[in-house]
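What follows is my_file36.tsv (TSV, C-alpha atoms and all ligand atoms).
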```
chain	number	residue	atom	x	y	z
A	1	MET	CA	10.80	93.74	-30.27
A	2	ASN	CA	11.33	95.93	-33.35
A	3	TYR	CA	11.18	99.73	-33.44
A	4	LYS	CA	10.36	101.96	-36.40
A	5	ILE	CA	12.97	104.59	-37.20
A	6	THR	CA	12.11	107.53	-39.45
A	7	ASN	CA	14.80	109.80	-40.86
A	8	ARG	CA	13.11	113.17	-41.24
A	9	ALA	CA	16.03	114.46	-43.35
A	10	THR	CA	15.34	112.04	-46.23
A	11	GLY	CA	12.06	110.30	-45.47
A	12	SER	CA	13.74	106.90	-45.24
A	13	LEU	CA	12.32	104.32	-42.85
A	14	PHE	CA	13.91	101.27	-41.28
A	15	GLU	CA	13.40	98.87	-38.39
A	16	ALA	CA	15.81	98.36	-35.52
A	17	ARG	CA	15.77	95.26	-33.34
A	18	SER	CA	15.90	95.54	-29.60
A	19	GLN	CA	19.53	96.21	-28.50
A	20	GLU	CA	20.64	96.68	-32.12
A	21	PRO	CA	22.72	99.83	-32.81
A	22	LEU	CA	20.86	102.12	-35.19
A	23	LEU	CA	23.76	102.13	-37.66
A	24	SER	CA	23.77	98.32	-37.92
A	25	ALA	CA	19.99	98.35	-38.41
A	26	SER	CA	20.29	100.94	-41.19
A	27	ARG	CA	22.98	98.84	-42.86
A	28	ARG	CA	20.61	95.85	-43.00
A	29	ALA	CA	18.19	98.13	-44.85
A	30	GLN	CA	20.98	99.16	-47.32
A	31	LEU	CA	20.84	102.73	-46.03
A	32	HIS	CA	24.14	104.62	-45.77
A	33	PHE	CA	24.40	107.03	-42.86
A	34	ASN	CA	27.60	109.00	-42.29
A	35	HIS	CA	29.86	107.00	-39.95
A	36	SER	CA	33.46	105.96	-39.38
A	37	CYS	CA	34.99	104.43	-36.23
A	38	LEU	CA	31.93	102.38	-35.06
A	39	ASN	CA	33.03	102.88	-31.45
A	40	GLY	CA	31.35	106.09	-30.31
A	41	HIS	CA	34.63	108.00	-30.46
A	42	CYS	CA	34.91	109.89	-33.72
A	43	GLY	CA	31.51	111.61	-33.91
A	44	ARG	CA	31.11	111.05	-37.64
A	45	CYS	CA	27.71	109.33	-37.15
A	46	MET	CA	26.30	112.15	-35.03
A	47	ALA	CA	22.62	112.72	-35.73
A	48	GLU	CA	19.71	114.51	-34.08
A	49	LEU	CA	16.97	112.83	-32.09
A	50	VAL	CA	13.64	114.58	-32.69
A	51	GLU	CA	11.35	112.08	-30.94
A	52	GLY	CA	11.82	108.93	-28.88
A	53	GLU	CA	14.35	107.46	-26.48
A	54	VAL	CA	17.72	105.76	-27.00
A	55	SER	CA	20.28	104.13	-24.73
A	56	TYR	CA	23.97	103.18	-25.04
A	57	PRO	CA	24.34	99.62	-23.68
A	58	ALA	CA	27.72	98.77	-25.28
A	59	LEU	CA	30.28	101.58	-25.52
A	60	PRO	CA	29.73	105.10	-24.14
A	61	PRO	CA	29.04	107.94	-26.62
A	62	VAL	CA	32.39	109.62	-25.93
A	63	ALA	CA	32.16	111.91	-28.98
A	64	LEU	CA	29.06	113.63	-27.58
A	65	GLU	CA	31.09	114.96	-24.67
A	66	ALA	CA	33.88	116.14	-26.96
A	67	GLU	CA	31.30	117.84	-29.19
A	68	GLN	CA	30.18	120.10	-26.33
A	69	SER	CA	33.50	121.96	-26.42
A	70	LEU	CA	33.33	122.61	-30.19
A	71	PRO	CA	31.51	125.46	-31.95
A	72	ASP	CA	27.87	124.51	-32.72
A	73	GLU	CA	27.08	125.91	-36.15
A	74	ALA	CA	23.31	125.61	-36.27
A	75	PRO	CA	21.76	124.70	-32.92
A	76	THR	CA	18.31	123.12	-33.38
A	77	GLY	CA	17.42	122.27	-29.81
A	78	ASN	CA	17.30	118.54	-30.66
A	79	ARG	CA	19.39	116.06	-28.67
A	80	LYS	CA	22.47	114.73	-30.46
A	81	ILE	CA	22.94	110.96	-30.69
A	82	LEU	CA	25.60	108.62	-32.09
A	83	LEU	CA	24.08	106.15	-34.53
A	84	CYS	CA	26.92	103.61	-34.17
A	85	GLN	CA	26.19	103.06	-30.45
A	86	ALA	CA	22.61	104.25	-29.80
A	87	VAL	CA	19.92	101.56	-29.56
A	88	ALA	CA	16.21	102.41	-29.75
A	89	GLU	CA	14.08	102.22	-26.62
A	90	SER	CA	10.98	103.34	-28.59
A	91	ASP	CA	10.03	104.28	-32.15
A	92	LEU	CA	12.27	107.17	-33.19
A	93	THR	CA	12.32	110.19	-35.46
A	94	ILE	CA	15.86	111.26	-36.26
A	95	ILE	CA	17.62	113.74	-38.55
A	96	ALA	CA	20.67	112.08	-40.11
A	97	ARG	CA	22.79	112.61	-43.20
A	98	GLU	CA	22.58	109.95	-45.93
A	99	PRO	CA	24.99	110.92	-48.74
A	100	ALA	CA	23.03	110.78	-52.00
A	101	ALA	CA	26.07	109.51	-53.94
A	102	LEU	CA	25.80	106.19	-52.08
A	103	LYS	CA	22.18	105.54	-53.07
A	104	ASN	CA	23.11	103.06	-55.80
A	105	ILE	CA	25.98	101.40	-53.97
A	106	GLN	CA	25.09	97.83	-53.00
A	107	THR	CA	27.11	96.31	-50.17
A	108	LYS	CA	27.80	92.62	-50.64
A	109	ILE	CA	29.47	89.66	-49.00
A	110	ALA	CA	32.16	88.41	-51.37
A	111	GLN	CA	35.07	86.00	-51.42
A	112	ALA	CA	38.38	87.27	-52.82
A	113	ARG	CA	41.84	85.80	-53.25
A	114	VAL	CA	45.15	87.38	-52.36
A	115	HIS	CA	46.61	88.46	-55.71
A	116	SER	CA	49.87	89.98	-54.42
A	117	ILE	CA	51.50	90.99	-51.15
A	118	GLU	CA	54.40	93.41	-50.63
A	119	PHE	CA	56.07	94.94	-47.58
A	120	PRO	CA	57.33	98.43	-48.54
A	121	VAL	CA	58.46	98.99	-44.92
A	122	ASP	CA	58.70	96.60	-41.97
A	123	ASP	CA	55.26	97.28	-40.50
A	124	VAL	CA	53.13	97.94	-43.59
A	125	ALA	CA	51.79	95.33	-46.02
A	126	CYS	CA	50.34	96.40	-49.36
A	127	ILE	CA	48.09	93.62	-50.59
A	128	LYS	CA	45.94	93.31	-53.67
A	129	LEU	CA	42.79	91.23	-53.58
A	130	ASP	CA	41.16	89.70	-56.64
A	131	LEU	CA	37.38	89.75	-56.33
A	132	GLU	CA	37.01	87.01	-58.96
A	133	GLU	CA	33.29	86.58	-59.75
A	134	HIS	CA	32.26	89.80	-57.99
A	135	LYS	CA	34.16	92.16	-60.27
A	136	PRO	CA	33.92	94.86	-61.38
A	137	LEU	CA	32.78	96.19	-58.03
A	138	THR	CA	30.93	99.48	-57.80
A	139	TYR	CA	32.33	101.66	-55.02
A	140	LEU	CA	33.47	105.20	-54.39
A	141	ALA	CA	37.14	106.10	-53.94
A	142	GLY	CA	37.82	106.39	-50.20
A	143	GLN	CA	35.40	103.69	-49.00
A	144	TYR	CA	36.51	100.75	-46.89
A	145	LEU	CA	35.77	97.03	-46.62
A	146	GLU	CA	35.50	94.58	-43.75
A	147	VAL	CA	37.50	91.38	-43.65
A	148	ILE	CA	35.30	88.66	-42.11
A	149	LEU	CA	37.43	86.39	-39.92
A	150	THR	CA	36.62	82.69	-39.39
A	151	SER	CA	35.31	83.65	-35.92
A	152	GLY	CA	32.79	85.96	-37.66
A	153	LYS	CA	34.55	89.04	-36.25
A	154	ARG	CA	35.30	91.85	-38.66
A	155	ARG	CA	38.28	94.09	-39.29
A	156	ALA	CA	38.01	97.30	-41.35
A	157	PHE	CA	40.52	98.34	-44.03
A	158	SER	CA	40.27	101.19	-46.51
A	159	ILE	CA	40.44	100.45	-50.21
A	160	ALA	CA	43.62	102.13	-51.44
A	161	ASN	CA	42.80	102.34	-55.15
A	162	ALA	CA	40.09	104.12	-57.12
A	163	PRO	CA	37.69	101.78	-58.97
A	164	ASP	CA	39.29	100.50	-62.18
A	165	ASP	CA	38.85	97.76	-64.77
A	166	SER	CA	41.31	95.37	-63.09
A	167	GLY	CA	38.77	94.48	-60.41
A	168	LEU	CA	41.62	94.35	-57.88
A	169	LEU	CA	41.25	95.94	-54.46
A	170	GLU	CA	44.43	97.28	-52.84
A	171	LEU	CA	44.82	97.48	-49.04
A	172	HIS	CA	47.59	99.07	-46.94
A	173	ILE	CA	47.73	97.19	-43.65
A	174	ARG	CA	49.73	98.37	-40.65
A	175	HIS	CA	50.97	95.59	-38.39
A	176	VAL	CA	49.32	95.88	-34.98
A	177	GLN	CA	51.46	93.91	-32.51
A	178	GLY	CA	49.26	91.15	-31.06
A	179	GLY	CA	46.52	91.90	-33.57
A	180	GLY	CA	44.77	88.70	-34.67
A	181	PHE	CA	44.30	89.56	-38.34
A	182	THR	CA	47.37	91.70	-38.99
A	183	ASP	CA	49.66	89.13	-37.28
A	184	HIS	CA	48.22	86.62	-39.76
A	185	VAL	CA	48.90	88.98	-42.71
A	186	PHE	CA	52.54	89.46	-41.70
A	187	ASP	CA	53.31	85.87	-40.60
A	188	GLN	CA	51.26	83.56	-42.81
A	189	MET	CA	49.33	85.17	-45.64
A	190	THR	CA	50.37	84.03	-49.11
A	191	VAL	CA	49.26	84.67	-52.67
A	192	GLY	CA	46.13	82.66	-53.49
A	193	ASP	CA	44.72	82.64	-49.95
A	194	PRO	CA	40.93	83.08	-49.86
A	195	ILE	CA	39.55	85.96	-47.85
A	196	ASP	CA	35.92	86.79	-46.99
A	197	LEU	CA	34.81	90.41	-47.24
A	198	GLU	CA	31.87	92.72	-46.89
A	199	VAL	CA	32.37	95.50	-49.41
A	200	PRO	CA	32.05	98.43	-50.03
A	201	LEU	CA	31.33	100.29	-46.79
A	202	GLY	CA	31.63	103.75	-45.35
A	203	THR	CA	30.88	107.35	-46.15
A	204	PHE	CA	34.43	108.66	-46.61
A	205	PHE	CA	34.58	109.42	-50.33
A	206	LEU	CA	35.30	112.29	-52.69
A	207	ARG	CA	32.48	114.86	-52.80
A	208	SER	CA	32.73	115.61	-56.51
A	209	ARG	CA	30.12	118.37	-56.67
A	210	SER	CA	32.10	120.74	-54.45
A	211	GLU	CA	34.25	123.49	-55.93
A	212	ARG	CA	36.26	124.19	-52.77
A	213	PRO	CA	40.03	123.57	-52.71
A	214	ILE	CA	40.92	120.28	-51.05
A	215	LEU	CA	43.24	119.55	-48.15
A	216	CYS	CA	44.04	115.89	-47.49
A	217	VAL	CA	45.42	115.21	-44.02
A	218	THR	CA	46.65	111.79	-43.07
A	219	GLY	CA	48.96	109.76	-40.86
A	220	GLY	CA	50.53	106.32	-41.42
A	221	THR	CA	48.33	103.93	-43.42
A	222	GLY	CA	45.63	106.60	-43.36
A	223	PHE	CA	47.26	107.33	-46.71
A	224	ALA	CA	45.34	104.37	-48.20
A	225	PRO	CA	41.91	105.99	-48.81
A	226	ILE	CA	43.60	109.31	-49.63
A	227	LYS	CA	45.56	107.54	-52.39
A	228	ALA	CA	42.27	106.24	-53.80
A	229	ILE	CA	40.77	109.73	-53.66
A	230	VAL	CA	43.80	111.29	-55.40
A	231	GLU	CA	43.61	108.59	-58.11
A	232	GLU	CA	39.94	109.49	-58.61
A	233	LEU	CA	40.89	113.18	-58.80
A	234	ILE	CA	43.54	112.36	-61.42
A	235	LEU	CA	40.88	110.67	-63.58
A	236	ARG	CA	38.48	113.57	-63.09
A	237	HIS	CA	41.18	116.11	-64.01
A	238	GLU	CA	42.03	114.08	-67.15
A	239	HIS	CA	38.37	114.26	-68.20
A	240	SER	CA	38.17	118.00	-67.35
A	241	LYS	CA	35.56	117.28	-64.68
A	242	GLU	CA	37.73	118.80	-61.99
A	243	SER	CA	39.76	121.95	-61.46
A	244	ARG	CA	40.31	122.01	-57.71
A	245	PRO	CA	43.80	122.30	-56.24
A	246	VAL	CA	44.71	119.52	-53.79
A	247	HIS	CA	47.32	119.68	-51.04
A	248	LEU	CA	48.33	116.54	-49.14
A	249	TYR	CA	49.77	116.63	-45.62
A	250	TRP	CA	51.13	113.19	-44.66
A	251	GLY	CA	52.36	112.75	-41.10
A	252	ALA	CA	54.62	110.01	-39.74
A	253	GLN	CA	57.04	109.52	-36.87
A	254	SER	CA	59.99	109.20	-39.21
A	255	ALA	CA	60.65	109.73	-42.93
A	256	GLY	CA	61.02	105.95	-43.42
A	257	GLU	CA	57.36	105.46	-42.46
A	258	LEU	CA	56.14	107.45	-45.48
A	259	TYR	CA	55.93	104.16	-47.31
A	260	GLN	CA	54.85	105.63	-50.70
A	261	HIS	CA	56.66	108.98	-50.49
A	262	ASP	CA	58.18	108.44	-53.97
A	263	ARG	CA	54.78	107.90	-55.53
A	264	VAL	CA	53.54	111.14	-53.97
A	265	THR	CA	56.56	113.16	-55.11
A	266	GLN	CA	55.94	111.78	-58.60
A	267	TRP	CA	52.39	113.17	-58.40
A	268	VAL	CA	53.90	116.53	-57.40
A	269	ASP	CA	56.15	116.43	-60.50
A	270	GLU	CA	53.38	115.39	-62.88
A	271	LEU	CA	50.23	117.13	-61.60
A	272	PRO	CA	50.17	120.96	-61.61
A	273	TRP	CA	47.16	121.00	-59.26
A	274	PHE	CA	48.75	118.74	-56.63
A	275	SER	CA	51.15	119.70	-53.82
A	276	TYR	CA	52.51	117.87	-50.77
A	277	THR	CA	53.90	118.50	-47.29
A	278	PRO	CA	55.33	115.50	-45.42
A	279	VAL	CA	55.46	116.15	-41.67
A	280	ILE	CA	57.66	114.21	-39.25
A	281	SER	CA	56.79	114.09	-35.54
A	282	ASN	CA	60.06	112.64	-34.20
A	283	ILE	CA	62.15	115.75	-33.88
A	284	ASN	CA	65.34	113.73	-33.34
A	285	GLY	CA	65.36	112.36	-36.88
A	286	HIS	CA	67.38	114.37	-39.44
A	287	SER	CA	65.18	113.94	-42.48
A	288	GLY	CA	65.22	117.54	-43.69
A	289	LEU	CA	61.43	117.35	-43.73
A	290	ARG	CA	59.05	119.59	-41.81
A	291	LEU	CA	58.88	118.72	-38.10
A	292	GLY	CA	55.84	118.65	-35.81
A	293	TRP	CA	52.29	117.29	-35.70
A	294	VAL	CA	50.58	117.04	-39.04
A	295	HIS	CA	47.30	118.73	-37.96
A	296	GLU	CA	49.30	121.66	-36.55
A	297	ALA	CA	51.14	122.09	-39.84
A	298	VAL	CA	47.75	122.40	-41.56
A	299	VAL	CA	46.48	125.21	-39.32
A	300	ASP	CA	49.88	126.95	-39.30
A	301	ASP	CA	49.66	127.14	-43.11
A	302	HIS	CA	45.89	127.80	-43.20
A	303	PRO	CA	44.73	129.65	-40.07
A	304	ASP	CA	41.35	130.21	-41.77
A	305	LEU	CA	39.94	126.93	-43.08
A	306	ALA	CA	36.44	128.26	-43.80
A	307	GLY	CA	36.78	127.90	-47.59
A	308	PHE	CA	38.22	124.35	-47.78
A	309	ASP	CA	37.04	120.76	-48.00
A	310	VAL	CA	39.20	118.67	-45.67
A	311	TYR	CA	39.61	114.89	-46.05
A	312	MET	CA	41.31	113.25	-43.07
A	313	SER	CA	42.08	109.62	-42.27
A	314	GLY	CA	44.34	107.65	-39.99
A	315	PRO	CA	45.02	107.07	-36.29
A	316	PRO	CA	42.21	108.13	-33.91
A	317	ALA	CA	44.55	110.53	-32.08
A	318	LEU	CA	45.21	112.43	-35.31
A	319	VAL	CA	41.54	112.46	-36.29
A	320	ASP	CA	40.43	113.68	-32.84
A	321	ALA	CA	43.07	116.42	-32.75
A	322	GLY	CA	42.36	117.48	-36.34
A	323	ARG	CA	38.61	117.52	-35.82
A	324	ALA	CA	38.82	119.86	-32.85
A	325	SER	CA	41.56	122.05	-34.28
A	326	PHE	CA	40.09	122.46	-37.78
A	327	ARG	CA	36.63	123.35	-36.45
A	328	ARG	CA	38.23	126.01	-34.23
A	329	HIS	CA	39.95	127.36	-37.35
A	330	GLY	CA	36.62	127.92	-39.06
A	331	LEU	CA	36.14	124.68	-41.01
A	332	PRO	CA	32.37	123.98	-41.18
A	333	ARG	CA	31.53	120.51	-39.83
A	334	ARG	CA	29.84	119.54	-43.12
A	335	HIS	CA	33.09	120.19	-45.03
A	336	LEU	CA	35.19	117.86	-42.88
A	337	TYR	CA	35.19	114.25	-44.07
A	338	TYR	CA	37.11	111.62	-42.13
A	339	ASP	CA	37.71	107.97	-41.34
A	340	SER	CA	39.19	107.21	-37.94
A	341	PHE	CA	41.20	103.97	-37.88
A	342	GLU	CA	39.93	102.65	-34.54
A	343	PHE	CA	40.37	99.07	-33.44
A	344	ALA	CA	37.28	96.92	-33.99
A	345	PRO	CA	34.32	97.30	-31.59
A	346	ASP	CA	34.79	93.79	-30.11
A	347	ILE	CA	38.36	94.66	-29.09
A	348	LEU	CA	37.47	98.06	-27.66
A	349	ALA	CA	34.62	96.49	-25.66
A	350	LEU	CA	37.12	93.95	-24.21
A	351	MET	CA	39.60	96.72	-23.42
A	352	ALA	CA	36.85	98.74	-21.70
A	353	GLN	CA	35.89	95.69	-19.60
A	354	GLN	CA	39.53	95.19	-18.62
A	355	ASP	CA	39.85	98.88	-17.68
A	356	ASP	CA	36.69	98.63	-15.57
A	357	ALA	CA	38.00	95.49	-13.87
A	358	ALA	CA	41.38	97.16	-13.22
A	359	SER	CA	39.80	100.30	-11.78
A	360	GLY	CA	37.54	98.09	-9.60
A	361	LEU	CA	40.67	96.37	-8.28
A	362	THR	CA	42.35	99.72	-7.64
A	363	ALA	CA	39.29	100.97	-5.79
A	364	ALA	CA	39.20	97.80	-3.68
A	365	GLU	CA	42.89	97.98	-2.79
B	401	LIG	C1	36.87	102.62	-41.19
B	401	LIG	C2	38.21	102.02	-40.83
B	401	LIG	C3	39.18	101.89	-41.80
B	401	LIG	C4	40.43	101.38	-41.48
B	401	LIG	N1	41.37	101.28	-42.46
B	401	LIG	C5	42.61	100.83	-42.15
B	401	LIG	C6	43.62	100.75	-43.16
B	401	LIG	O1	43.40	101.06	-44.34
B	401	LIG	N2	44.85	100.32	-42.79
B	401	LIG	C7	45.15	99.96	-41.50
B	401	LIG	O2	46.30	99.59	-41.23
B	401	LIG	N3	44.19	100.00	-40.53
B	401	LIG	C8	42.94	100.42	-40.83
B	401	LIG	N4	41.97	100.46	-39.86
B	401	LIG	C9	42.32	99.97	-38.50
B	401	LIG	C10	42.20	98.45	-38.44
B	401	LIG	O3	40.86	98.07	-38.70
B	401	LIG	C11	42.60	97.95	-37.03
B	401	LIG	O4	43.94	98.24	-36.83
B	401	LIG	C12	42.30	96.45	-36.93
B	401	LIG	O5	41.29	96.33	-35.96
B	401	LIG	C13	43.48	95.59	-36.57
B	401	LIG	O6	42.99	94.25	-36.54
B	401	LIG	P1	43.76	93.04	-35.86
B	401	LIG	O7	42.83	91.86	-35.90
B	401	LIG	O8	45.11	92.88	-36.43
B	401	LIG	O9	43.97	93.53	-34.37
B	401	LIG	P2	43.04	93.15	-33.12
B	401	LIG	O10	43.03	91.69	-32.87
B	401	LIG	O11	41.75	93.83	-33.31
B	401	LIG	O12	43.87	93.81	-31.93
B	401	LIG	C14	44.00	95.20	-31.79
B	401	LIG	C15	44.84	95.48	-30.52
B	401	LIG	O13	44.13	95.03	-29.38
B	401	LIG	C16	44.97	94.14	-28.61
B	401	LIG	N5	44.09	93.09	-28.06
B	401	LIG	C17	43.63	91.99	-28.71
B	401	LIG	N6	42.86	91.25	-27.89
B	401	LIG	C18	42.83	91.90	-26.71
B	401	LIG	C19	42.21	91.64	-25.46
B	401	LIG	N7	41.47	90.55	-25.26
B	401	LIG	N8	42.38	92.52	-24.45
B	401	LIG	C20	43.14	93.63	-24.62
B	401	LIG	N9	43.79	93.91	-25.78
B	401	LIG	C21	43.62	93.07	-26.80
B	401	LIG	C22	45.99	93.61	-29.57
B	401	LIG	O14	47.19	93.25	-28.90
B	401	LIG	C23	46.21	94.81	-30.47
B	401	LIG	O15	47.12	95.69	-29.90
B	401	LIG	C24	40.71	100.96	-40.16
B	401	LIG	C25	39.72	101.08	-39.17
B	401	LIG	C26	38.49	101.61	-39.50
B	401	LIG	C27	37.42	101.71	-38.44
```
What is this structure when it is put down as structure tokens?
Amino acid sequence: MNYKITNRATGSLFEARSQEPLLSASRRAQLHFNHSCLNGHCGRCMAELVEGEVSYPALPPVALEAEQSLPDEAPTGNRKILLCQAVAESDLTIIAREPAALKNIQTKIAQARVHSIEFPVDDVACIKLDLEEHKPLTYLAGQYLEVILTSGKRRAFSIANAPDDSGLLELHIRHVQGGGFTDHVFDQMTVGDPIDLEVPLGTFFLRSRSERPILCVTGGTGFAPIKAIVEELILRHEHSKESRPVHLYWGAQSAGELYQHDRVTQWVDELPWFSYTPVISNINGHSGLRLGWVHEAVVDDHPDLAGFDVYMSGPPALVDAGRASFRRHGLPRRHLYYDSFEFAPDILALMAQQDDAASGLTAAE
């Protein structure tokens, strides 16, 4: 059975199949709703339900609970829903953000080949993919792609370069121990290997119409989409389309994990509008860099965030902590843009099943 979904915010209409998450259904219709983790955790796909009923048959809408403790800027009385997990139980009317800049972006399935692969530190691979007949690709700096595995499962990685004439897509891949795809990247991948993709995806991209100063906040390989955004800003500054100052906070456990620190310090030397604070969380290292959690460094330096645009990407723990903390420090929800690097939904569903089974065992013992 199909249900009709109407987005009152934009007038767009799409159909959702029974048991199909609303976000997946909108993607089939080439609509781009704000989203990130795809797991119900990060809250980026939060929308309002004006009419109709939804349920959450796969993963629970964890972000809705977290949202209750955060300041609500404009209460409307409508129920909040998470598009990545909610499935329709009737026709629906929703209010959801669809960034206008994505209107002309066409997502496609494409085959690429590995053009180069480098390991700047032990657990990060920087690979470049050649899109061959699909280039040049139209995308916005900050978006991500999905690698389609032979099993049909998908793994998300941010594109680490702004669009350019080379047609190459750069990825920064952190090795997840026991991770099917990243094990393959570190153990077997070689130049020339074919790789299937769906690209481009996501709603994390530079909002170029804003005039607010920019804070970029990232941890680990969360630097990848931020690098693309800074490259886009460099181009915009060169063409006098931009005058905003940009400050990057990059967090890591140790200085050695800041795998492109030299590139960033070069930006500091060359770009008068760009500044940088690396933040190290392992207080036993003697790096001479600032110590602590990266999101705390941001609010220590900027206790009032009301006037900023904040772009944040990286580990879910950082994104969750930053989201809560920045909102409490006055950052309006609509000026916080983020991608949360969650594991893929199939893996989180398996982990949830295992947790349920383990707690059942504990209860039975
Ligand atoms: C929008 C987005 C953008 C992202 N961008 C980036 C990026 O630019 N760079 C980056 O490094 N990461 C990024 N990520 C995160 C990346 O997608 C994940 O780390 C990816 O899922 C890893 O894939 P994998 O196949 O190697 O690991 P998986 O096979 O998915 O395994 C993940 C973990 O689950 C464990 N596991 C596997 N199977 C099971 C099981 N049956 N039961 C219990 N545990 C199991 C594994 O041991 C491992 O620890 C992004 C994520 C999102 C959502």
(message) Need the shell around Tyr249 of chain A: protein/DNA/RNA residues with any atom at most 9 Å away, counting only C-alpha atoms. Skip same-chain ones fewer than 4 positions apart. Format as a PyMOL selection string?
(response) chain A and resi 215-219+275-279+294-295+297-298
(request) Using only C-alpha atoms, determine which residues lie at most 8 Å from segment 137-146 of chain A, disregarding the query and same-chain residues fewer than 6 positions distant; provide the list as an MDAnalysis selection string. (result) chainID A and resid 105:106 154:163 167 197:206 225:226 228:229 232
(message) Given only C-alpha atoms and all ligand atoms as the basis, pick out the residue of A:Gly256, A:Pro245, A:Gly251, A:Gly220 nearest to ligand LIG 401 (chain B).
(response)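 Residue with the minimum atom-to-atom distance to ligand LIG 401 (chain B): A:Gly220.
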(message) Just the number, please: distance in Å from atom C18 of ligand LIG 401 (chain B) to atom CA of Asp339 of chain A, one decimal.
(response) 22.3 Å
(message) Could you list, as a VMD selection string, all residues that come within 6 Å of ligand LIG 401 (chain B)? Count all atoms listed in the file.
(response) chain A and resid 36 to 37 144 155 to 158 172 to 174 176 to 183 221 224 339 to 344 347 350 to 351
(message) With only C-alpha atoms as the counted atoms, please give the residues lying no more than 9 Å from Asp91 of chain A, apart from itself and same-chain residues fewer than 4 positions off, as a PyMOL selection string.
(response) chain A and resi 2-6+15-16+51-53
How close does segment 139-192 of chain A get to segment 108-117 of chain A? List, as CSV, each residue of segment 139-192 of chain A within 9 Å, its nearest atom pair and the distance in Å to one decimal, counting all atoms listed in the file.
```
residue,atom,partner,partner_atom,distance
A:Leu168,CA,A:His115,CA,8.0
A:Met189,CA,A:Val114,CA,8.2
A:Thr190,CA,A:Val114,CA,7.0
A:Val191,CA,A:Val114,CA,4.9
A:Gly192,CA,A:Val114,CA,5.0
```
Can you tell me which residues surround segment 64-71 of chain A at a distance of at most 8 Å, considering only C-alpha atoms, apart from same-chain residues fewer than 5 positions away, and format the answer as a compact mmCIF listing (two decimals) with C-alpha atoms, keeping the file's coordinate frame?
```
# COMPACT_ATOMS: atom_id res chain seq x y z
CA GLY A 43 31.51 111.61 -33.91
CA LYS A 80 22.47 114.73 -30.46
CA ILE A 81 22.94 110.96 -30.69
CA LEU A 82 25.60 108.62 -32.09
CA ALA A 324 38.82 119.86 -32.85
CA ARG A 327 36.63 123.35 -36.45
CA ARG A 328 38.23 126.01 -34.23
```
(request) Could you check how far atom CA of Thr10 of chain A sits from atom CA of Gly330 of chain A, in Å to one decimal? (result)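 These two atoms are separated by 27.5 Å.
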(message) Nearest residue to Ala125 of chain A out of A:Phe326, A:Trp273, A:Tyr259, A:Phe14, using all atoms listed in the file?
(response)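 Answer, going by the shortest atom-to-atom distance: A:Tyr259.
Selecting by distance to (21.4, 98.0, -49.5) with a limit of 8 Å and using only C-alpha atoms, one obtains Arg27, Arg28, Ala29, Gln30, Leu31, Ile105, Gln106 and Thr107 of chain A.
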(message) For a cutoff of 12 Å around the file-coordinate point (14.4, 116.7, -38.2), which residues qualify once you count all atoms listed in the file? I'd like the result as a list in words.
(response)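 Those residues lying close to the given coordinates are Thr6, Asn7, Arg8, Ala9, Thr10, Gly11, Ala47, Glu48, Leu49, Val50, Glu51, Thr76, Gly77, Asn78, Arg79, Lys80, Leu92, Thr93, Ile94, Ile95, Ala96 and Arg97 of chain A.
Of the listed residues (A:Val121, A:Ile214, A:Cys42, A:Leu131), A:Val121 comes nearest to His261 of chain A; the distances count only C-alpha atoms.
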Listed atoms of segment 308-319 of chain A boxed along x, y and z, 6 Å each side, centre and edge lengths in Å, one decimal, as JSON:
```
{"center_x": 41.1, "center_y": 115.7, "center_z": -40.0, "size_x": 20.2, "size_y": 29.3, "size_z": 27.9}
```
(request) Enter the distance from atom CA of Leu169 of chain A to atom CA of Ala101 of chain A, in Å, rounded to one decimal. (result) 20.4 Å
(message) Calculated over all atoms listed in the file, which of the candidates A:Glu170, A:Asp304, A:Asp122, A:Glu270 has the smallest distance to Lys227 of chain A?
(response)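 Checking each candidate against Lys227 of chain A, we get A:Glu170 as the closest.
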Is it possible to add N, CA and C atoms to segment 64-71 of chain A and hand it back as a compact mmCIF listing (two decimals), in the coordinates of the input?
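The resulting rebuild12.txt:
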```
# COMPACT_ATOMS: atom_id res chain seq x y z
N LEU A 64 30.05 112.61 -27.93
CA LEU A 64 29.06 113.63 -27.58
C LEU A 64 29.64 114.60 -26.56
N GLU A 65 30.45 114.07 -25.65
CA GLU A 65 31.09 114.96 -24.67
C GLU A 65 32.07 115.90 -25.36
N ALA A 66 32.89 115.32 -26.26
CA ALA A 66 33.88 116.14 -26.96
C ALA A 66 33.19 117.23 -27.77
N GLU A 67 32.02 116.90 -28.33
CA GLU A 67 31.30 117.84 -29.19
C GLU A 67 30.91 119.11 -28.42
N GLN A 68 30.65 118.94 -27.11
CA GLN A 68 30.18 120.10 -26.33
C GLN A 68 31.19 121.24 -26.30
N SER A 69 32.49 120.89 -26.49
CA SER A 69 33.50 121.96 -26.42
C SER A 69 33.77 122.58 -27.79
N LEU A 70 33.08 122.09 -28.84
CA LEU A 70 33.33 122.61 -30.19
C LEU A 70 32.22 123.59 -30.60
N PRO A 71 32.54 124.50 -31.53
CA PRO A 71 31.51 125.46 -31.95
C PRO A 71 30.31 124.75 -32.59
```
